[in-house]
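Engineer: The following file, start_35.cif, comprises mmCIF, C-alpha atoms:
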```
data_work
#
loop_
_atom_site.label_atom_id
_atom_site.label_comp_id
_atom_site.auth_asym_id
_atom_site.auth_seq_id
_atom_site.Cartn_x
_atom_site.Cartn_y
_atom_site.Cartn_z
CA MET A 1 25.85 -87.19 28.07
CA THR A 2 24.80 -87.86 31.68
CA GLU A 3 21.36 -87.16 33.07
CA GLU A 4 22.70 -84.21 35.01
CA GLN A 5 24.22 -82.66 31.83
CA ARG A 6 20.91 -83.02 29.94
CA ARG A 7 19.02 -81.18 32.70
CA SER A 8 21.59 -78.36 32.69
CA THR A 9 21.25 -77.95 28.92
CA LYS A 10 17.41 -77.67 29.16
CA ARG A 11 17.71 -75.05 31.91
CA LYS A 12 20.02 -72.88 29.71
CA ARG A 13 17.66 -73.14 26.72
CA GLY A 14 14.74 -72.08 28.93
CA HIS A 15 16.67 -69.04 30.15
CA ARG A 16 17.50 -68.00 26.59
CA ARG A 17 13.82 -68.30 25.49
CA ARG A 18 12.60 -66.25 28.45
CA GLY A 19 15.26 -63.60 27.75
CA LYS A 20 14.17 -63.25 24.13
CA SER A 21 10.53 -63.00 25.17
CA THR A 22 11.33 -60.32 27.74
CA ALA A 23 13.37 -58.40 25.17
CA ALA A 24 10.50 -58.60 22.68
CA VAL A 25 8.06 -57.24 25.25
CA THR A 26 10.48 -54.43 26.12
CA ASN A 27 10.93 -53.57 22.43
CA ASP A 28 7.14 -53.61 21.86
CA GLU A 29 6.61 -51.25 24.80
CA SER A 30 9.36 -48.93 23.54
CA SER A 31 7.79 -48.92 20.07
CA SER A 32 4.41 -48.12 21.60
CA VAL A 33 5.84 -45.19 23.61
CA ALA A 34 7.74 -43.93 20.57
CA ALA A 35 4.61 -44.17 18.43
CA SER A 36 2.63 -42.35 21.09
CA SER A 37 5.25 -39.60 21.32
CA GLY A 38 5.49 -39.39 17.56
CA SER A 39 1.75 -38.97 17.16
CA ALA A 40 1.65 -36.01 19.58
CA SER A 41 4.31 -34.04 17.75
CA PRO A 42 2.54 -33.87 14.35
CA ILE A 43 -0.61 -32.58 16.07
CA ARG A 44 1.28 -29.58 17.47
CA SER A 45 3.07 -29.04 14.18
CA GLY A 46 -0.14 -29.41 12.24
CA SER A 47 -1.85 -26.80 14.40
CA LYS A 48 0.90 -24.30 13.67
CA SER A 49 0.78 -25.15 9.99
CA SER A 50 -2.99 -24.67 9.87
CA SER A 51 -2.70 -21.29 11.58
CA SER A 52 0.07 -20.22 9.22
CA PHE A 53 -1.95 -21.42 6.22
CA LEU A 54 -5.04 -19.44 7.33
CA ASP A 55 -2.96 -16.32 7.85
CA LYS A 56 -1.50 -16.67 4.37
CA MET A 57 -4.97 -17.19 2.86
CA LYS A 58 -6.32 -14.12 4.66
CA ALA A 59 -3.36 -12.07 3.43
CA LYS A 60 -3.95 -13.28 -0.14
CA LEU A 61 -7.66 -12.45 0.02
CA SER A 62 -6.93 -9.01 1.46
CA GLY A 63 -4.27 -8.42 -1.18
CA GLY A 64 -6.67 -9.52 -3.89
CA TYR A 65 -9.33 -7.05 -2.73
CA PHE A 66 -6.75 -4.26 -2.59
CA ARG A 67 -5.58 -4.94 -6.16
CA MET A 68 -9.18 -5.01 -7.39
CA ILE A 69 -10.08 -1.69 -5.73
CA ASN A 70 -6.78 -0.11 -6.74
CA GLU A 71 -7.36 -0.99 -10.40
CA LYS A 72 -10.91 0.38 -10.16
CA LEU A 73 -9.67 3.74 -8.84
CA TYR A 74 -7.09 4.12 -11.58
CA THR A 75 -9.50 3.24 -14.38
CA CYS A 76 -12.62 5.22 -13.47
CA SER A 77 -13.46 8.89 -13.00
CA GLY A 78 -13.48 10.60 -9.62
CA ASP A 79 -17.28 10.81 -9.67
CA GLU A 80 -17.56 7.07 -10.35
CA ALA A 81 -15.08 6.33 -7.54
CA LEU A 82 -17.13 8.46 -5.13
CA LYS A 83 -20.30 6.49 -5.98
CA TYR A 84 -18.36 3.22 -5.69
CA PHE A 85 -17.38 3.92 -2.10
CA LYS A 86 -20.75 5.37 -1.17
CA GLU A 87 -22.29 2.01 -2.05
CA ASP A 88 -19.87 0.20 0.27
CA PRO A 89 -17.70 2.49 2.48
CA SER A 90 -15.95 -0.56 4.01
CA LEU A 91 -14.07 -1.01 0.73
CA PHE A 92 -12.23 2.23 1.47
CA ASN A 93 -10.78 0.67 4.64
CA VAL A 94 -9.75 -2.43 2.69
CA TYR A 95 -8.04 -0.24 0.11
CA HIS A 96 -6.15 1.88 2.63
CA SER A 97 -5.00 -1.16 4.61
CA GLY A 98 -3.52 -2.57 1.41
CA TYR A 99 -2.09 0.83 0.49
CA GLN A 100 -0.34 1.16 3.86
CA GLU A 101 1.07 -2.34 3.48
CA GLN A 102 2.51 -1.41 0.08
CA MET A 103 3.93 1.86 1.42
CA SER A 104 5.64 0.05 4.29
CA ARG A 105 7.97 -1.51 1.72
CA TRP A 106 9.16 1.87 0.44
CA PRO A 107 12.42 3.07 2.02
CA GLU A 108 11.17 6.67 1.97
CA GLN A 109 7.67 8.13 2.01
CA PRO A 110 6.76 11.05 -0.30
CA ASN A 111 4.39 12.38 2.35
CA ASP A 112 7.35 12.83 4.70
CA ILE A 113 9.13 15.02 2.14
CA ILE A 114 6.01 17.14 1.60
CA ILE A 115 5.46 17.48 5.35
CA LYS A 116 9.05 18.65 5.77
CA TRP A 117 8.62 21.15 2.91
CA ILE A 118 5.56 22.65 4.61
CA LYS A 119 7.30 22.78 7.99
CA ASP A 120 10.20 24.64 6.37
CA HIS A 121 7.76 27.32 5.19
CA SER A 122 5.42 29.59 7.09
CA PRO A 123 2.84 27.98 9.42
CA SER A 124 0.39 30.62 8.21
CA LEU A 125 0.13 28.96 4.75
CA VAL A 126 -3.27 27.39 4.17
CA VAL A 127 -3.02 23.90 2.65
CA ALA A 128 -5.42 21.75 0.62
CA ASP A 129 -4.55 18.05 0.70
CA PHE A 130 -6.22 16.31 -2.25
CA GLY A 131 -6.49 12.57 -1.57
CA CYS A 132 -5.42 12.82 2.05
CA GLY A 133 -6.03 9.20 3.15
CA ASP A 134 -5.73 9.18 6.95
CA ALA A 135 -5.03 12.95 7.01
CA ARG A 136 -1.48 12.39 8.25
CA LEU A 137 -0.31 15.64 6.67
CA ALA A 138 -2.86 17.70 8.61
CA LYS A 139 -1.88 15.93 11.84
CA SER A 140 1.82 16.61 11.28
CA VAL A 141 1.90 20.38 10.68
CA LYS A 142 0.71 23.52 12.45
CA ASN A 143 -0.86 24.92 9.28
CA LYS A 144 -4.56 25.04 8.55
CA VAL A 145 -5.16 22.03 6.29
CA PHE A 146 -8.27 21.13 4.32
CA SER A 147 -8.19 17.34 3.87
CA PHE A 148 -10.15 15.82 0.98
CA ASP A 149 -10.77 12.20 0.02
CA LEU A 150 -13.50 9.92 -1.33
CA VAL A 151 -14.54 8.71 2.14
CA SER A 152 -14.29 10.39 5.53
CA ASN A 153 -13.31 8.18 8.46
CA ASP A 154 -12.10 11.19 10.41
CA PRO A 155 -14.02 14.37 11.35
CA SER A 156 -11.25 16.45 9.77
CA VAL A 157 -11.62 14.78 6.35
CA ILE A 158 -14.10 16.11 3.78
CA ALA A 159 -15.56 13.39 1.55
CA CYS A 160 -15.95 14.59 -2.02
CA ASP A 161 -15.05 14.26 -5.68
CA MET A 162 -11.72 16.10 -5.77
CA SER A 163 -12.65 17.85 -8.99
CA ASN A 164 -15.39 19.68 -7.12
CA THR A 165 -14.47 20.79 -3.59
CA SER A 166 -16.28 23.23 -1.32
CA LEU A 167 -13.34 25.68 -1.15
CA ASP A 168 -13.65 29.25 -2.34
CA SER A 169 -11.61 30.39 -5.33
CA SER A 170 -8.14 31.74 -4.51
CA SER A 171 -8.40 30.66 -0.87
CA VAL A 172 -5.39 28.40 -0.24
CA ASP A 173 -1.61 28.79 -0.47
CA VAL A 174 -0.56 25.18 -1.10
CA ALA A 175 -2.29 22.33 -2.97
CA VAL A 176 -0.95 18.82 -2.45
CA PHE A 177 -1.44 15.66 -4.49
CA CYS A 178 0.51 12.83 -2.86
CA LEU A 179 0.05 9.68 -4.99
CA SER A 180 -3.52 10.76 -5.63
CA LEU A 181 -3.78 11.59 -9.36
CA MET A 182 -5.63 8.32 -9.80
CA GLY A 183 -8.79 8.98 -11.77
CA THR A 184 -9.05 8.99 -15.54
CA ASN A 185 -10.09 12.64 -15.22
CA PHE A 186 -7.02 13.68 -13.20
CA PRO A 187 -6.72 16.97 -15.21
CA ASN A 188 -10.00 18.03 -13.57
CA TYR A 189 -8.35 17.65 -10.15
CA LEU A 190 -5.51 19.93 -11.21
CA GLN A 191 -8.00 22.44 -12.63
CA GLU A 192 -9.74 22.47 -9.24
CA ALA A 193 -6.39 23.01 -7.51
CA ASN A 194 -5.72 25.92 -9.86
CA ARG A 195 -9.11 27.41 -9.01
CA VAL A 196 -8.67 27.29 -5.22
CA LEU A 197 -5.01 28.41 -5.17
CA LYS A 198 -4.10 32.04 -4.63
CA PRO A 199 -1.85 33.69 -7.23
CA ASN A 200 1.74 32.53 -6.59
CA GLY A 201 0.34 29.61 -4.59
CA TRP A 202 2.21 26.29 -4.59
CA LEU A 203 1.20 23.04 -6.29
CA LEU A 204 3.11 19.99 -4.99
CA ILE A 205 2.71 16.65 -6.78
CA ALA A 206 4.23 13.29 -5.80
CA GLU A 207 3.60 10.34 -8.08
CA VAL A 208 4.78 6.76 -8.62
CA LYS A 209 7.87 6.94 -10.80
CA SER A 210 6.80 4.23 -13.24
CA ARG A 211 3.84 6.37 -14.31
CA PHE A 212 6.33 8.84 -15.79
CA ASP A 213 8.70 6.38 -17.44
CA PRO A 214 8.16 6.45 -21.24
CA ASN A 215 10.33 3.35 -21.56
CA THR A 216 7.72 1.25 -19.78
CA GLY A 217 4.57 2.87 -21.17
CA GLY A 218 4.47 5.79 -18.78
CA ALA A 219 3.93 9.43 -19.64
CA ASP A 220 6.70 11.75 -20.72
CA PRO A 221 7.31 13.90 -17.61
CA ASN A 222 8.19 16.88 -19.81
CA LYS A 223 4.78 16.69 -21.51
CA PHE A 224 3.10 16.54 -18.11
CA VAL A 225 5.03 19.61 -16.94
CA LYS A 226 4.20 21.44 -20.18
CA ALA A 227 0.47 20.69 -19.80
CA THR A 228 0.46 21.79 -16.15
CA CYS A 229 2.22 25.03 -17.07
CA GLU A 230 -0.35 25.66 -19.79
CA LEU A 231 -3.02 25.27 -17.13
CA GLY A 232 -1.58 28.31 -15.36
CA PHE A 233 1.55 27.28 -13.49
CA THR A 234 5.29 27.75 -13.61
CA SER A 235 7.52 24.76 -12.98
CA THR A 236 10.03 25.56 -10.23
CA SER A 237 11.71 22.16 -9.79
CA LYS A 238 11.49 18.40 -10.31
CA ASP A 239 13.00 15.68 -8.13
CA PHE A 240 13.73 12.31 -9.79
CA SER A 241 16.26 11.17 -7.16
CA ASN A 242 14.00 8.62 -5.46
CA LYS A 243 13.64 5.24 -7.19
CA MET A 244 9.99 4.82 -6.13
CA PHE A 245 8.42 8.24 -6.75
CA ILE A 246 9.00 11.63 -8.33
CA LEU A 247 8.14 15.12 -7.11
CA PHE A 248 6.96 18.16 -9.07
CA TYR A 249 6.90 21.70 -7.66
CA PHE A 250 4.82 24.39 -9.39
CA LYS A 251 3.73 27.96 -8.63
CA LYS A 252 0.49 29.47 -9.85
CA LYS A 253 0.91 32.33 -12.32
CA GLU A 254 -0.65 35.65 -11.42
CA LYS A 255 -2.19 36.04 -14.85
CA GLN A 256 -4.17 33.13 -16.22
CA LYS A 257 -4.81 32.39 -19.90
CA SER A 258 -7.37 29.80 -20.88
CA LYS A 259 -6.32 27.41 -23.66
CA ASP A 260 -6.91 23.91 -24.89
CA ILE A 261 -4.44 21.58 -23.19
CA GLU A 262 -3.20 18.23 -24.45
CA TRP A 263 -2.70 16.14 -21.33
CA PRO A 264 -0.55 13.00 -21.47
CA GLU A 265 -2.21 9.79 -20.33
CA LEU A 266 -1.00 8.57 -16.96
CA LYS A 267 -0.89 4.78 -16.92
CA PRO A 268 -2.49 2.99 -13.97
CA CYS A 269 -0.20 1.85 -11.20
CA LEU A 270 -1.25 -1.81 -10.91
CA TYR A 271 0.29 -4.17 -8.38
CA LYS A 272 1.27 -7.71 -9.36
CA ARG A 273 0.13 -10.77 -7.45
CA ARG A 274 2.76 -12.14 -5.11
#
```
Let's see the structure in the file written out as structure tokens.
Structural biologist:
Amino acid sequence: MTEEQRRSTKRKRGHRRRGKSTAAVTNDESSSVAASSGSASPIRSGSKSSSSFLDKMKAKLSGGYFRMINEKLYTCSGDEALKYFKEDPSLFNVYHSGYQEQMSRWPEQPNDIIIKWIKDHSPSLVVADFGCGDARLAKSVKNKVFSFDLVSNDPSVIACDMSNTSLDSSSVDVAVFCLSLMGTNFPNYLQEANRVLKPNGWLLIAEVKSRFDPNTGGADPNKFVKATCELGFTSTSKDFSNKMFILFYFKKKEKQKSKDIEWPELKPCLYKRR
């Protein structure tokens, strides 16, 4: 090999080494940029995940409080429930927020059916809404409505134990219980409705269907109807068509006979954790 050939070979080797070095630097810079870009993305994703996680935790806590209060209301007397909310009225808001969330999953609301029934009758009928919640019934009809519940967050709502209202005897035309026969002393609520209703007055009851399913531990609906009739009512109709709730329609008898009544036990409507 001549001297000139050896020099040419060295120059080629030098070019190859410099090319590899340049490529390595370029690859290192690309890796650094990629790493930098990659690190930014998880931060944004992590922020969204944290927010979503907190929302889920808040929903679980709220749902847990609702289930606790709901179980309390089904397993204590009306007087005990009244004292419970007097000690901490904010619990009533927690309960009703959870209640509304549960109701939003129902394809049809029993209150809507009752409101329609009242609208289809005379606006002169005086109504007593036992366990009125946000008093939606009173706000939806032209009738005079007395709204009762354990806590009053609205000037139109009267806070009381529903077994002992301030209404005069034989003073109302319609008594409504929409998913509100919750206390262990629910027969006392119906006795109070009987007291305040005029002769031939209407008693409308909507309840969760599972509470009247003997196959799952619920009460026999026929025994419930029989007991209510013995209290002083006549059963006019029952509606079992909805898969979530049932409706009972009664009219108060003109002549009342006092007797010992055997009331069926209504099982609590307890919601499962999700």
Engineer: Env of range 161-165 of chain A: 7 Å cut, atoms = only C-alpha atoms, seq-sep filter 2 positions within chain, self excluded. Answer as an MDAnalysis selection string.
Structural biologist: chainID A and resid 78:79 82 130 148 150 167 188:189 192
Engineer: Quick one, how far is CA of Asn153 in chain A from CA of Asp112 in chain A?
Structural biologist: 21.5 Å
Engineer: Take every atom of range 79-91 of chain A listed in the file, fit an axis-aligned box around them, add 5 Å per side, and give the centre and edge lengths in Å to one decimal as AutoDock Vina command-line options.
Structural biologist:
```
--center_x -18.2 --center_y 4.9 --center_z -3.2 --size_x 18.2 --size_y 21.8 --size_z 24.4
```
Engineer: If we count only C-alpha atoms and set the cut-off at 10 Å, which residues sit around Ser122 in chain A, ignoring sequence neighbours fewer than 5 positions away in its own chain? Please answer as a list in words.
Structural biologist: Trp117, Lys142 and Asn143 of chain A
Engineer: Which residues would end up in the selection if the PyMOL selection byres ((chain A and resi 85-99) around 12) were applied here, given that I need the answer as a ChimeraX atom specification?
Structural biologist: /A:59-73,78-84,100-106,131-135,149-153,159-161,179-180,269-271
Engineer: Just how far from CA of Cys229 in chain A is CA of Ser166 in chain A, in Å to one decimal?
Structural biologist: 24.4 Å
Engineer: Using only C-alpha atoms, pick whichever of A:Val225, A:Leu181, A:Leu247, A:Ile205 has the shortest atom-to-atom distance to Leu266 in chain A.
Structural biologist: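 The shortest atom-to-atom distance to Leu266 in chain A comes from A:Leu181.
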Engineer: Write out as an MDAnalysis selection string the residues lying within 9 Å of Met244 in chain A, counting only C-alpha atoms and excluding same-chain residues fewer than 6 positions away.
Structural biologist: chainID A and resid 106:108 207:210
Engineer: Deliver the residues from the most recent selection as a file, using C-alpha atoms, as an mmCIF file, in the coordinates of the input.
Structural biologist:
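Dumped everything to out_39.cif:
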```
data_model
loop_
_atom_site.group_PDB
_atom_site.id
_atom_site.type_symbol
_atom_site.label_atom_id
_atom_site.label_comp_id
_atom_site.auth_asym_id
_atom_site.auth_seq_id
_atom_site.Cartn_x
_atom_site.Cartn_y
_atom_site.Cartn_z
ATOM 1 C CA TRP A 106 9.160 1.870 0.440
ATOM 2 C CA PRO A 107 12.420 3.070 2.020
ATOM 3 C CA GLU A 108 11.170 6.670 1.970
ATOM 4 C CA GLU A 207 3.600 10.340 -8.080
ATOM 5 C CA VAL A 208 4.780 6.760 -8.620
ATOM 6 C CA LYS A 209 7.870 6.940 -10.800
ATOM 7 C CA SER A 210 6.800 4.230 -13.240
#
```
Engineer: Kindly indicate which residue among A:Lys198, A:Lys139, A:Lys252, A:Lys243 lies nearest to Glu230 in chain A, using only C-alpha atoms for the distances.
Structural biologist: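 Using only C-alpha atoms, Glu230 in chain A sits closest to A:Lys252.
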Engineer: Show me the residues around (-5.2, 34.1, -16.2) - criterion: an atom at most 12 Å away, all atoms listed in the file counted - as a compact mmCIF listing (two decimals) with C-alpha atoms, in the coordinates of the input.
Structural biologist:
```txt
# COMPACT_ATOMS: atom_id res chain seq x y z
CA ASN A 194 -5.72 25.92 -9.86
CA ARG A 195 -9.11 27.41 -9.01
CA LYS A 198 -4.10 32.04 -4.63
CA PRO A 199 -1.85 33.69 -7.23
CA ASN A 200 1.74 32.53 -6.59
CA CYS A 229 2.22 25.03 -17.07
CA GLU A 230 -0.35 25.66 -19.79
CA LEU A 231 -3.02 25.27 -17.13
CA GLY A 232 -1.58 28.31 -15.36
CA PHE A 233 1.55 27.28 -13.49
CA LYS A 252 0.49 29.47 -9.85
CA LYS A 253 0.91 32.33 -12.32
CA GLU A 254 -0.65 35.65 -11.42
CA LYS A 255 -2.19 36.04 -14.85
CA GLN A 256 -4.17 33.13 -16.22
CA LYS A 257 -4.81 32.39 -19.90
CA SER A 258 -7.37 29.80 -20.88
CA LYS A 259 -6.32 27.41 -23.66
```
Engineer: Taking the file as shown, find all residues satisfying the PyMOL selection byres ((chain A and resi 221-223) around 12) and write them as an mmCIF file with C-alpha atoms, in the coordinates of the input.
Structural biologist:
```cif
data_model
loop_
_atom_site.group_PDB
_atom_site.id
_atom_site.type_symbol
_atom_site.label_atom_id
_atom_site.label_comp_id
_atom_site.auth_asym_id
_atom_site.auth_seq_id
_atom_site.Cartn_x
_atom_site.Cartn_y
_atom_site.Cartn_z
ATOM 1 C CA GLU A 207 3.600 10.340 -8.080
ATOM 2 C CA VAL A 208 4.780 6.760 -8.620
ATOM 3 C CA LYS A 209 7.870 6.940 -10.800
ATOM 4 C CA SER A 210 6.800 4.230 -13.240
ATOM 5 C CA ARG A 211 3.840 6.370 -14.310
ATOM 6 C CA PHE A 212 6.330 8.840 -15.790
ATOM 7 C CA ASP A 213 8.700 6.380 -17.440
ATOM 8 C CA PRO A 214 8.160 6.450 -21.240
ATOM 9 C CA ASN A 215 10.330 3.350 -21.560
ATOM 10 C CA GLY A 217 4.570 2.870 -21.170
ATOM 11 C CA GLY A 218 4.470 5.790 -18.780
ATOM 12 C CA ALA A 219 3.930 9.430 -19.640
ATOM 13 C CA ASP A 220 6.700 11.750 -20.720
ATOM 14 C CA PHE A 224 3.100 16.540 -18.110
ATOM 15 C CA VAL A 225 5.030 19.610 -16.940
ATOM 16 C CA LYS A 226 4.200 21.440 -20.180
ATOM 17 C CA ALA A 227 0.470 20.690 -19.800
ATOM 18 C CA THR A 228 0.460 21.790 -16.150
ATOM 19 C CA CYS A 229 2.220 25.030 -17.070
ATOM 20 C CA GLU A 230 -0.350 25.660 -19.790
ATOM 21 C CA SER A 235 7.520 24.760 -12.980
ATOM 22 C CA SER A 237 11.710 22.160 -9.790
ATOM 23 C CA LYS A 238 11.490 18.400 -10.310
ATOM 24 C CA ASP A 239 13.000 15.680 -8.130
ATOM 25 C CA PHE A 240 13.730 12.310 -9.790
ATOM 26 C CA ILE A 246 9.000 11.630 -8.330
ATOM 27 C CA LEU A 247 8.140 15.120 -7.110
ATOM 28 C CA PHE A 248 6.960 18.160 -9.070
ATOM 29 C CA ILE A 261 -4.440 21.580 -23.190
ATOM 30 C CA GLU A 262 -3.200 18.230 -24.450
ATOM 31 C CA TRP A 263 -2.700 16.140 -21.330
ATOM 32 C CA PRO A 264 -0.550 13.000 -21.470
ATOM 33 C CA GLU A 265 -2.210 9.790 -20.330
ATOM 34 C CA LEU A 266 -1.000 8.570 -16.960
#
```
Engineer: Between CA of Val141 in chain A and CA of Leu190 in chain A, what is the distance, to one decimal in Å?
Structural biologist: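 CA of Leu190 in chain A lies 23.1 Å from CA of Val141 in chain A.
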Engineer: For Asp168 in chain A, please output as JSON, numbers by chain all residues within 10 Å (counting all atoms listed in the file; exclusion window: fewer than 4 positions along the same chain).
Structural biologist: {"A": [172, 195, 196, 197]}
Engineer: Take the point (-8.5, 7.2, -16.9) as written in the file and pick out every residue within 7 Å of it, counting only C-alpha atoms; give the list as a compact mmCIF listing (two decimals) with C-alpha atoms, in the coordinates of the input.
Structural biologist:
```txt
# COMPACT_ATOMS: atom_id res chain seq x y z
CA TYR A 74 -7.09 4.12 -11.58
CA THR A 75 -9.50 3.24 -14.38
CA CYS A 76 -12.62 5.22 -13.47
CA SER A 77 -13.46 8.89 -13.00
CA GLY A 183 -8.79 8.98 -11.77
CA THR A 184 -9.05 8.99 -15.54
CA ASN A 185 -10.09 12.64 -15.22
```
Engineer: Using all atoms listed in the file, find the one residue out of A:Cys178, A:Pro187, A:Val145, A:Phe245 that sits nearest to Asp260 in chain A.
Structural biologist: A:Pro187
